[in-house]
file start23.cif (mmCIF, C-alpha atoms and all ligand atoms)
data_input
#
loop_
_atom_site.label_atom_id
_atom_site.label_comp_id
_atom_site.auth_asym_id
_atom_site.auth_seq_id
_atom_site.Cartn_x
_atom_site.Cartn_y
_atom_site.Cartn_z
CA MET A 211 -3.00 -5.05 -6.34
CA LEU A 212 -2.49 -5.78 -2.74
CA GLY A 213 -5.57 -3.72 -2.16
CA SER A 214 -7.50 -6.18 -4.17
CA ALA A 215 -5.52 -9.09 -2.85
CA MET A 216 -6.07 -8.05 0.71
CA ALA A 217 -9.69 -7.36 0.06
CA ALA A 218 -10.06 -10.58 -1.88
CA GLY A 219 -8.60 -12.22 1.16
CA SER A 220 -11.40 -10.77 3.18
CA ALA A 221 -13.87 -12.00 0.61
CA PHE A 222 -12.56 -15.50 1.02
CA THR A 223 -12.53 -15.24 4.75
CA VAL A 224 -16.13 -14.27 5.04
CA GLY A 225 -17.06 -16.98 2.56
CA LEU A 226 -18.14 -14.79 -0.30
CA TRP A 227 -16.12 -16.32 -3.05
CA GLN A 228 -19.33 -17.77 -4.45
CA PRO A 229 -21.42 -14.64 -4.38
CA ALA A 230 -25.16 -15.23 -4.25
CA GLY A 231 -26.68 -14.22 -7.56
CA LEU A 232 -23.94 -15.69 -9.72
CA SER A 233 -25.15 -18.40 -12.04
CA PRO A 234 -24.26 -21.93 -10.82
CA VAL A 235 -21.76 -22.20 -13.66
CA ALA A 236 -20.12 -18.92 -12.74
CA ALA A 237 -20.17 -19.83 -9.08
CA ASP A 238 -18.56 -23.15 -9.89
CA ALA A 239 -15.95 -21.41 -12.00
CA SER A 240 -15.28 -19.03 -9.11
CA ALA A 241 -14.95 -21.91 -6.69
CA SER A 242 -12.49 -23.72 -8.91
CA ALA A 243 -10.62 -20.47 -9.43
CA ALA A 244 -10.45 -20.09 -5.68
CA ARG A 245 -9.07 -23.62 -5.35
CA ARG A 246 -6.49 -22.89 -8.01
CA LEU A 247 -5.54 -19.67 -6.27
CA ARG A 248 -5.17 -21.49 -3.01
CA GLY A 249 -2.79 -23.88 -4.75
CA GLN A 250 -0.85 -21.00 -6.25
CA VAL A 251 -0.65 -19.29 -2.93
CA GLU A 252 0.61 -22.36 -1.16
CA THR A 253 3.13 -22.98 -3.92
CA SER A 254 4.39 -19.45 -3.85
CA ARG A 255 4.53 -19.40 -0.07
CA ARG A 256 6.83 -22.40 -0.18
CA SER A 257 9.08 -20.92 -2.79
CA VAL A 258 8.64 -17.71 -4.65
CA GLY A 259 10.98 -19.01 -7.30
CA THR A 260 8.66 -21.82 -8.34
CA VAL A 261 5.39 -19.95 -8.31
CA GLU A 262 3.08 -20.83 -11.18
CA PRO A 263 3.67 -18.94 -14.41
CA SER A 264 0.28 -17.24 -14.47
CA ILE A 265 1.20 -15.26 -11.39
CA ALA A 266 4.94 -15.24 -11.78
CA SER A 267 5.23 -14.19 -15.39
CA GLN A 268 5.38 -10.46 -14.93
CA GLN A 269 6.09 -10.04 -11.25
CA SER A 270 9.03 -9.32 -9.10
CA PRO A 271 9.47 -12.07 -6.52
CA SER A 272 8.70 -9.68 -3.71
CA SER A 273 5.38 -8.61 -5.13
CA VAL A 274 4.47 -12.23 -5.75
CA SER A 275 5.30 -13.21 -2.23
CA MET A 276 3.39 -10.27 -0.86
CA PHE A 277 0.42 -11.04 -3.03
CA ALA A 278 0.58 -14.62 -1.87
CA VAL A 279 0.77 -13.60 1.74
CA ALA A 280 -2.13 -11.23 1.43
CA LEU A 281 -4.27 -13.76 -0.37
CA ALA A 282 -3.24 -16.47 2.01
CA ALA A 283 -4.29 -14.37 4.95
CA GLY A 284 -7.78 -14.46 3.58
CA LEU A 285 -7.81 -17.89 2.03
CA ALA A 286 -6.14 -19.77 4.74
CA ALA A 287 -8.27 -20.61 7.61
CA ALA A 288 -5.76 -23.41 7.13
CA ARG A 289 -2.71 -21.41 8.05
CA PRO A 290 -3.23 -17.93 9.46
CA SER A 291 -0.16 -15.79 8.99
CA LYS A 292 1.63 -14.84 12.14
CA LEU A 293 1.39 -11.19 13.08
CA GLN A 294 4.67 -9.54 12.43
CA ARG A 295 5.01 -7.64 15.58
CA SER A 296 7.56 -7.34 18.22
CA ARG A 297 6.60 -5.04 21.03
CA ALA A 298 10.10 -5.05 22.45
CA GLY A 299 12.56 -2.27 22.45
CA ALA A 300 10.97 0.74 20.80
CA ARG A 301 13.84 3.16 20.69
CA LYS A 302 13.68 6.67 21.96
CA HIS A 303 11.33 8.74 19.87
CA ARG A 304 13.20 10.78 17.38
CA ALA A 305 11.71 14.12 16.47
CA VAL A 306 11.43 14.29 12.73
CA ALA A 307 9.83 17.21 10.99
CA THR A 308 6.50 15.75 9.99
CA ILE A 309 3.78 17.93 8.62
CA MET A 310 1.24 17.96 11.38
CA SER A 311 -1.26 20.20 9.63
CA ALA A 312 -1.45 22.63 12.48
CA THR A 313 -3.87 24.67 10.43
CA THR A 314 -6.41 21.89 10.01
CA ASP A 315 -8.51 20.07 12.52
CA ALA A 316 -9.41 17.26 10.11
CA SER A 317 -9.17 13.98 11.95
CA VAL A 318 -6.10 11.83 11.69
CA VAL A 319 -6.43 8.81 9.40
CA LEU A 320 -2.95 7.32 9.63
CA GLU A 321 -0.55 7.88 12.50
CA VAL A 322 2.87 6.27 12.18
CA ARG A 323 5.17 6.71 15.16
CA ASP A 324 8.82 5.70 15.23
CA VAL A 325 8.23 2.57 13.18
CA GLN A 326 11.23 0.31 12.84
CA ALA A 327 11.28 -2.84 10.79
CA CYS A 328 13.69 -5.41 9.48
CA SER A 329 13.48 -8.10 6.84
CA ALA A 330 11.97 -11.31 8.18
CA ASP A 331 14.68 -13.51 6.63
CA ASP A 332 17.85 -14.79 8.31
CA GLU A 333 19.65 -11.58 7.47
CA GLN A 334 17.19 -9.46 9.53
CA LYS A 335 18.30 -6.37 7.73
CA GLN A 336 17.17 -3.22 9.53
CA ILE A 337 15.34 -1.21 6.85
CA LEU A 338 12.98 1.19 8.62
CA LYS A 339 14.78 3.14 11.32
CA GLY A 340 12.13 5.23 13.00
CA VAL A 341 9.49 6.49 10.57
CA ASN A 342 7.03 9.18 11.64
CA LEU A 343 4.09 10.20 9.47
CA THR A 344 0.67 11.72 10.10
CA ILE A 345 -2.01 11.72 7.40
CA ARG A 346 -5.35 13.43 7.94
CA GLU A 347 -8.68 13.06 6.19
CA GLY A 348 -8.66 14.34 2.63
CA GLU A 349 -4.90 14.84 2.40
CA VAL A 350 -2.68 13.67 -0.42
CA HIS A 351 0.86 12.89 0.70
CA ALA A 352 3.73 12.09 -1.61
CA LEU A 353 6.54 9.89 -0.35
CA MET A 354 9.70 10.41 -2.33
CA GLY A 355 13.27 9.26 -2.16
CA THR A 356 15.94 7.54 -4.19
CA ASN A 357 15.87 3.80 -4.87
CA GLY A 358 16.46 1.69 -1.80
CA SER A 359 15.48 4.37 0.71
CA GLY A 360 12.70 2.21 2.22
CA LYS A 361 9.54 3.59 0.60
CA SER A 362 8.12 0.24 -0.52
CA THR A 363 9.11 -1.34 2.76
CA LEU A 364 7.05 1.25 4.64
CA ALA A 365 4.08 0.61 2.35
CA ARG A 366 4.42 -3.14 2.84
CA VAL A 367 4.86 -2.95 6.58
CA LEU A 368 1.67 -0.90 6.79
CA THR A 369 -0.25 -3.45 4.75
CA GLY A 370 1.11 -6.37 6.76
CA ASP A 371 3.62 -8.07 4.48
CA SER A 372 5.08 -10.99 6.42
CA GLY A 373 8.41 -10.47 4.64
CA TYR A 374 9.10 -7.81 7.26
CA GLU A 375 9.16 -7.79 11.01
CA VAL A 376 8.13 -4.71 12.94
CA THR A 377 10.68 -4.21 15.70
CA GLY A 378 9.38 -0.99 17.19
CA GLY A 379 6.90 1.85 16.97
CA THR A 380 3.18 2.07 16.33
CA ALA A 381 0.83 2.61 13.40
CA THR A 382 -2.87 3.35 13.68
CA LEU A 383 -5.52 3.66 10.98
CA GLY A 384 -8.62 5.48 12.11
CA GLY A 385 -7.49 4.80 15.67
CA LYS A 386 -7.10 1.03 15.12
CA ASP A 387 -3.73 -0.52 15.82
CA LEU A 388 -2.65 -1.73 12.38
CA PHE A 389 0.01 -4.07 13.70
CA ASP A 390 -2.66 -5.99 15.61
CA LEU A 391 -4.61 -6.67 12.41
CA GLU A 392 -4.12 -9.32 9.74
CA PRO A 393 -3.69 -7.97 6.18
CA HIS A 394 -7.30 -8.60 5.20
CA GLU A 395 -8.51 -6.93 8.40
CA ARG A 396 -6.45 -3.88 7.47
CA SER A 397 -8.26 -3.85 4.16
CA LEU A 398 -11.62 -4.02 5.89
CA ALA A 399 -10.48 -1.19 8.12
CA GLY A 400 -10.18 0.98 4.98
CA LEU A 401 -6.63 0.45 3.75
CA PHE A 402 -5.92 -0.14 0.08
CA MET A 403 -2.61 -0.66 -1.61
CA ALA A 404 -1.94 -0.52 -5.32
CA PHE A 405 1.13 -2.46 -6.35
CA GLN A 406 3.92 -1.33 -8.58
CA SER A 407 3.47 -4.59 -10.53
CA PRO A 408 0.03 -5.98 -9.78
CA PRO A 409 -0.07 -9.78 -10.18
CA ALA A 410 -2.31 -11.55 -12.67
CA VAL A 411 -4.92 -14.00 -11.46
CA GLY A 412 -5.82 -16.48 -14.17
CA GLY A 413 -9.39 -17.78 -14.44
CA VAL A 414 -11.10 -15.16 -12.32
CA SER A 415 -12.95 -12.38 -14.11
CA ASN A 416 -12.39 -8.82 -13.05
CA LEU A 417 -16.11 -8.41 -12.44
CA ASP A 418 -16.39 -11.45 -10.11
CA PHE A 419 -13.21 -10.46 -8.36
CA MET A 420 -14.24 -6.90 -7.66
CA ARG A 421 -17.78 -7.79 -6.68
CA ALA A 422 -16.55 -10.40 -4.21
CA ILE A 423 -14.21 -7.85 -2.68
CA TYR A 424 -16.80 -5.11 -2.65
CA ASN A 425 -19.49 -7.30 -1.09
CA SER A 426 -17.16 -8.60 1.58
CA GLN A 427 -16.55 -5.02 2.62
CA ARG A 428 -20.25 -4.24 2.63
CA LYS A 429 -20.93 -7.34 4.66
CA ALA A 430 -18.26 -6.37 7.17
CA ARG A 431 -20.00 -3.01 7.53
CA GLY A 432 -23.36 -4.74 8.00
CA GLU A 433 -24.65 -3.47 4.65
CA PRO A 434 -26.61 -5.56 2.14
CA GLU A 435 -24.59 -7.08 -0.70
CA LEU A 436 -25.09 -5.95 -4.28
CA ASP A 437 -26.29 -8.46 -6.86
CA VAL A 438 -24.59 -8.72 -10.25
CA ILE A 439 -26.90 -6.21 -11.92
CA GLU A 440 -26.54 -3.64 -9.18
CA PHE A 441 -22.79 -4.06 -9.04
CA TYR A 442 -22.48 -3.88 -12.82
CA GLY A 443 -24.28 -0.53 -12.73
CA LEU A 444 -21.89 0.76 -10.12
CA VAL A 445 -18.79 -0.42 -11.95
CA THR A 446 -19.76 0.81 -15.40
CA ALA A 447 -20.18 4.34 -14.07
CA LYS A 448 -16.64 4.13 -12.70
CA LEU A 449 -15.34 2.66 -15.96
CA GLU A 450 -16.62 5.63 -17.85
CA GLU A 451 -14.94 8.04 -15.47
CA LEU A 452 -11.65 6.18 -15.76
CA LYS A 453 -11.83 5.76 -19.54
CA ILE A 454 -11.73 1.98 -19.26
CA SER A 455 -13.55 -0.25 -21.75
CA THR A 456 -16.32 -2.52 -20.39
CA GLU A 457 -14.56 -5.55 -21.85
CA PHE A 458 -12.13 -5.18 -18.95
CA LEU A 459 -14.78 -6.68 -16.71
CA ASN A 460 -14.86 -10.03 -18.49
CA ARG A 461 -11.13 -10.47 -18.67
CA SER A 462 -9.20 -12.43 -16.07
CA VAL A 463 -7.70 -10.19 -13.43
CA ASN A 464 -4.67 -8.49 -14.99
CA GLU A 465 -4.06 -11.42 -17.34
CA GLY A 466 -2.47 -10.18 -20.56
CA PHE A 467 -2.93 -6.58 -19.43
CA SER A 468 -0.38 -4.01 -20.51
CA GLY A 469 1.42 -2.04 -17.80
CA GLY A 470 -0.93 0.89 -18.32
CA GLU A 471 -4.02 -1.36 -18.21
CA ARG A 472 -2.89 -2.90 -14.94
CA LYS A 473 -2.47 0.52 -13.39
CA ARG A 474 -5.88 1.57 -14.64
CA ASN A 475 -7.32 -1.59 -13.16
CA GLU A 476 -5.78 -0.69 -9.82
CA MET A 477 -7.39 2.73 -10.08
CA LEU A 478 -10.71 1.05 -10.88
CA GLN A 479 -10.46 -1.12 -7.78
CA MET A 480 -9.56 1.89 -5.69
CA SER A 481 -12.47 3.83 -7.09
CA VAL A 482 -14.92 0.97 -6.42
CA LEU A 483 -13.67 0.17 -2.94
CA GLU A 484 -13.43 3.76 -1.73
CA PRO A 485 -10.77 3.12 0.91
CA SER A 486 -10.16 5.68 3.63
CA LEU A 487 -6.44 5.48 2.84
CA ALA A 488 -4.98 4.32 -0.45
CA ILE A 489 -1.25 3.69 -0.76
CA LEU A 490 -0.05 3.81 -4.35
CA ASP A 491 3.45 2.42 -4.71
CA GLU A 492 5.06 3.83 -7.85
CA ILE A 493 1.80 3.70 -9.73
CA ASP A 494 3.53 6.03 -12.19
CA SER A 495 6.42 3.75 -13.07
CA GLY A 496 6.63 2.51 -16.62
CA LEU A 497 3.71 4.58 -17.87
CA ASP A 498 3.71 6.72 -20.97
CA ILE A 499 2.61 10.30 -20.61
CA ASP A 500 -1.05 9.66 -21.53
CA ALA A 501 -1.42 6.78 -19.09
CA LEU A 502 0.33 8.90 -16.47
CA LYS A 503 -2.18 11.69 -16.91
CA ASP A 504 -5.07 9.23 -16.78
CA VAL A 505 -3.78 7.76 -13.54
CA ALA A 506 -3.32 11.25 -12.14
CA ASP A 507 -6.89 12.09 -13.24
CA ALA A 508 -8.16 9.00 -11.46
CA ILE A 509 -6.38 10.07 -8.30
CA TYR A 510 -7.84 13.54 -8.66
CA ARG A 511 -11.35 12.09 -9.01
CA VAL A 512 -11.03 9.87 -5.97
CA ARG A 513 -9.84 12.89 -4.10
CA ASN A 514 -12.74 15.05 -5.18
CA ALA A 515 -15.45 12.41 -4.88
CA ASP A 516 -15.19 12.54 -1.13
CA ASN A 517 -13.15 14.96 0.90
CA LYS A 518 -12.46 12.34 3.54
CA ARG A 519 -10.33 10.01 1.40
CA SER A 520 -6.59 10.18 1.84
CA LEU A 521 -3.75 9.05 -0.35
CA LEU A 522 -0.12 8.18 0.17
CA VAL A 523 1.55 8.29 -3.22
CA VAL A 524 4.99 6.73 -3.41
CA THR A 525 7.08 7.93 -6.30
CA HIS A 526 10.59 8.88 -7.24
CA PHE A 527 9.41 10.86 -10.21
CA GLU A 528 9.18 14.53 -9.21
CA ARG A 529 7.13 15.42 -12.27
CA PHE A 530 4.31 13.13 -11.14
CA LEU A 531 3.78 15.34 -8.08
CA LYS A 532 2.75 18.15 -10.35
CA TYR A 533 0.00 15.99 -11.83
CA ILE A 534 -1.33 14.70 -8.53
CA ASP A 535 -1.07 18.01 -6.70
CA ALA A 536 0.11 16.58 -3.38
CA ASP A 537 -0.45 18.76 -0.30
CA HIS A 538 2.41 17.21 1.63
CA VAL A 539 5.73 15.92 0.40
CA HIS A 540 8.15 13.72 2.34
CA VAL A 541 11.64 12.59 1.48
CA MET A 542 12.73 9.21 2.73
CA HIS A 543 16.40 8.33 3.11
CA LYS A 544 18.04 5.33 4.77
CA GLY A 545 14.80 4.20 6.38
CA ARG A 546 13.65 7.52 7.79
CA ILE A 547 11.66 10.53 6.64
CA ILE A 548 14.32 13.22 6.68
CA LYS A 549 12.41 16.13 5.22
CA SER A 550 8.75 17.11 4.94
CA GLY A 551 7.13 20.11 3.35
CA GLY A 552 4.39 21.32 1.06
CA LYS A 553 4.21 21.99 -2.65
CA GLU A 554 7.28 24.22 -2.47
CA LEU A 555 9.36 21.19 -1.48
CA ALA A 556 8.10 19.29 -4.53
CA ASN A 557 9.09 22.22 -6.73
CA ARG A 558 12.55 22.43 -5.24
CA LEU A 559 13.10 18.67 -5.60
CA ASP A 560 12.02 18.92 -9.20
CA ALA A 561 14.49 21.74 -9.82
CA GLU A 562 17.44 20.63 -7.68
CA GLY A 563 17.15 16.92 -6.95
CA TYR A 564 17.86 15.38 -3.54
CA ASP A 565 21.46 16.29 -2.75
CA TRP A 566 20.64 19.41 -0.76
CA VAL A 567 18.19 17.43 1.41
CA PHE A 568 20.80 14.78 2.18
CA LYS A 569 23.32 17.48 3.07
CA GLU A 570 20.84 19.22 5.35
CA ALA A 571 19.96 15.92 7.05
CA ALA A 572 23.62 15.04 7.57
CA GLU A 573 24.22 18.43 9.21
CA THR A 574 21.21 18.01 11.51
CA GLU A 575 22.36 14.53 12.46
CA ALA A 576 25.88 15.75 13.24
CA ALA A 577 24.48 18.58 15.39
CA GLU A 578 22.19 16.16 17.25
CA LYS A 579 25.06 13.80 17.86
CA GLU A 580 27.24 16.59 19.18
CA ALA A 581 24.45 17.80 21.48
CA ALA A 582 23.90 14.26 22.79
CA GLU A 583 27.62 13.79 23.45
CA LYS A 584 27.77 17.11 25.26
CA GLU A 585 24.76 16.14 27.37
CA ALA A 586 26.34 12.79 28.21
CA ALA A 587 29.63 14.45 29.15
CA GLU A 588 27.83 16.94 31.41
CA ALA A 589 25.83 14.17 33.02
CA SER A 590 28.98 12.17 33.80
CA GLN A 591 30.60 15.27 35.31
CA THR A 592 27.71 15.91 37.68
CA ALA A 593 27.53 12.22 38.63
P1 LIG A 601 12.49 1.83 -2.18
O1 LIG A 601 11.08 1.39 -2.36
O2 LIG A 601 12.63 3.17 -1.53
O3 LIG A 601 13.28 1.75 -3.44
P2 LIG A 601 12.76 -0.58 -0.59
O4 LIG A 601 11.86 -0.38 0.56
O5 LIG A 601 12.29 -1.47 -1.67
O6 LIG A 601 13.22 0.82 -1.16
O7 LIG A 601 14.14 -1.16 -0.06
C1 LIG A 601 14.91 -0.54 0.95
C2 LIG A 601 16.16 -1.36 1.20
O8 LIG A 601 15.81 -2.56 1.86
C3 LIG A 601 16.91 -1.79 -0.04
O9 LIG A 601 18.26 -1.78 0.24
C4 LIG A 601 16.39 -3.18 -0.30
O10 LIG A 601 17.34 -3.95 -0.98
C5 LIG A 601 16.20 -3.69 1.11
N1 LIG A 601 15.10 -4.67 1.20
C6 LIG A 601 13.81 -4.46 0.90
N2 LIG A 601 13.08 -5.56 1.14
C7 LIG A 601 13.94 -6.50 1.61
C8 LIG A 601 13.78 -7.85 2.07
N3 LIG A 601 12.59 -8.44 2.08
N4 LIG A 601 14.88 -8.49 2.49
C9 LIG A 601 16.08 -7.88 2.51
N5 LIG A 601 16.28 -6.62 2.10
C10 LIG A 601 15.23 -5.93 1.66
MG MG A 602 9.98 0.81 -4.10
#
call {"tool": "encode", "arguments": {"input": "start23.cif", "output": "structure tokens"}}
result
Amino acid sequence: MLGSAMAAGSAFTVGLWQPAGLSPVAADASASAARRLRGQVETSRRSVGTVEPSIASQQSPSSVSMFAVALAAGLAAARPSKLQRSRAGARKHRAVATIMSATTDASVVLEVRDVQACSADDEQKQILKGVNLTIREGEVHALMGTNGSGKSTLARVLTGDSGYEVTGGTATLGGKDLFDLEPHERSLAGLFMAFQSPPAVGGVSNLDFMRAIYNSQRKARGEPELDVIEFYGLVTAKLEELKISTEFLNRSVNEGFSGGERKRNEMLQMSVLEPSLAILDEIDSGLDIDALKDVADAIYRVRNADNKRSLLVVTHFERFLKYIDADHVHVMHKGRIIKSGGKELANRLDAEGYDWVFKEAAETEAAEKEAAEKEAAEASQTA
């Protein structure tokens, strides 16, 4: 949902929340919905715990706060969020085996170098400890790892969640420095994120919501906006592909949606927005096998519709990798990517779990430490 939230943010920013072509009544409804959202955002920014029920009902506090931040970035000319960036103290680059696709010359979409980040609260807990990741055009990468390894934090840091502070490293999307962009600017630059638990937005229809987002992106690219009829045509074709009923369009965004419906709605937004990089954070969690296959189908379609689109699929469910057919698989552990490989890695994880990877990483770390100590001892001898 952040994808939509971020993009909606951009819609608000460029003043498209009352899209031309909407009836005055609909436009008025959209305007009042926007006012209500602004209220919800401000409320939830003050205290996640007291956020209004329509957003809070089915969300984890963190996804609510992130949603709020992303929306606020767009809504709030009033209070632009501070860029979470500290340029100080990037630690020595640590060589981690990332898949660099030596065999392909496809251009790099996402380049993450030694990214470190901590929580932005008083605790300042160091969560990301030097993440390296390169994603090229058309590639599907799976990010795996046990609970608490830092997968969601990486996703959130890339999308600009102000709950985290970047303390080192760089991240570029299509050559643009992500950490210099506000969340909605990242969305305009082609980044989309689907939430594990997408928030509901009462009083705003899915159709209005998606058209506002879509048109804001077109406007940013200098392209003409689509009117309701044109946009409806575009969306209904996608609905058919994704096996989603047209009544989805008239319902309030995610309101009263089942888990599976929310995930499908995320896929619909992704399919409409055609981001250059989509990050899907545990899109597979809580889905039954049919919904899982449908989501995997949607991913497959996005992938095949255009060979330039890339995906970063976060999951801890090995079986899901089989459905999405990831080219590259990464294992995250204690805030770093400790192992990368291709499909064979996915198969081994499916068969054997993670223990062997942790063991291997611990051995490498011990060897590195020993080598560094030896180097230091030699240096002090020659001094
Ligand atoms: P994963 O998605 O791999 O399960 P997370 O990125 O959600 O892991 O979390 C990694 C670790 O960082 C966990 O120990 C989690 O409790 C902690 N963490 C995540 N976000 C915050 C935050 N905003 N403040 C403090 N700790 C956090
Ligand atoms: Mg997570």
call {"tool": "residues_near_ligand", "arguments": {"input": "start23.cif", "ligand": "ligand MG 602 (chain A)", "cutoff": "12 Å", "atoms": "all atoms listed in the file", "output": "ChimeraX atom specification"}}
result
/A:270,272-273,353-366,405-407,490-495,523-527,542
call {"tool": "atom_distance", "arguments": {"input": "start23.cif", "atom1": "CA of Arg323 in chain A", "atom2": "CA of Glu395 in chain A"}}
result
20.5 Å
call {"tool": "residues_around", "arguments": {"input": "start23.cif", "residues": "range 457-463 of chain A", "least_positions_apart": "2", "cutoff": "10 Å", "atoms": "only C-alpha atoms", "output": "list in words"}}
result
Met211, Pro408, Pro409, Ala410, Val411, Gly412, Gly413, Val414, Ser415, Asn416, Leu417, Asp418, Phe419, Met420, Tyr442, Val445, Thr446, Leu449, Ile454, Ser455, Glu465, Gly466, Phe467, Glu471, Arg472 and Asn475 of chain A
call {"tool": "atom_distance", "arguments": {"input": "start23.cif", "atom1": "atom P2 of ligand LIG 601 (chain A)", "atom2": "CA of Ser329 in chain A"}}
result
10.6 Å
call {"tool": "closest_residue", "arguments": {"input": "start23.cif", "among": "A:Glu570, A:Glu562, A:Asp437, A:Asp371", "to": "ligand LIG 601 (chain A)", "atoms": "all atoms listed in the file"}}
result
A:Asp371
call {"tool": "residues_around", "arguments": {"input": "start23.cif", "residues": "Thr380 in chain A", "least_positions_apart": "3", "cutoff": "9 Å", "atoms": "all atoms listed in the file", "output": "list in words"}}
result
Glu321, Val322, Arg323, Asp324, Val325, Gln326, Asp387, Leu388 and Phe389 of chain A
call {"tool": "closest_residue", "arguments": {"input": "start23.cif", "among": "A:Leu521, A:Arg511, A:Val541, A:Phe441", "to": "ligand LIG 601 (chain A)", "atoms": "all atoms listed in the file"}}
result
A:Val541
call {"tool": "atom_distance", "arguments": {"input": "start23.cif", "atom1": "CA of Val438 in chain A", "atom2": "CA of Gln479 in chain A"}}
result
16.2 Å
call {"tool": "closest_residue", "arguments": {"input": "start23.cif", "among": "A:His543, A:Lys569, A:His394, A:Lys549", "to": "Ser426 in chain A", "atoms": "all atoms listed in the file"}}
result
A:His394
call {"tool": "residues_around", "arguments": {"input": "start23.cif", "residues": "Val350 in chain A", "least_positions_apart": "6", "cutoff": "10 Å", "atoms": "all atoms listed in the file", "output": "list in words"}}
result
Leu487, Ala488, Ile509, Tyr510, Arg513, Arg519, Ser520, Leu521, Leu522, Val523, Ile534, Asp535, Ala536, Asp537, His538 and Val539 of chain A
call {"tool": "write_last_selection", "arguments": {"input": "start23.cif", "atoms": "C-alpha atoms", "output": "tab-separated table (two decimals), keeping the file's coordinate frame"}}
result
chain	number	residue	atom	x	y	z
A	487	LEU	CA	-6.44	5.48	2.84
A	488	ALA	CA	-4.98	4.32	-0.45
A	509	ILE	CA	-6.38	10.07	-8.30
A	510	TYR	CA	-7.84	13.54	-8.66
A	513	ARG	CA	-9.84	12.89	-4.10
A	519	ARG	CA	-10.33	10.01	1.40
A	520	SER	CA	-6.59	10.18	1.84
A	521	LEU	CA	-3.75	9.05	-0.35
A	522	LEU	CA	-0.12	8.18	0.17
A	523	VAL	CA	1.55	8.29	-3.22
A	534	ILE	CA	-1.33	14.70	-8.53
A	535	ASP	CA	-1.07	18.01	-6.70
A	536	ALA	CA	0.11	16.58	-3.38
A	537	ASP	CA	-0.45	18.76	-0.30
A	538	HIS	CA	2.41	17.21	1.63
A	539	VAL	CA	5.73	15.92	0.40
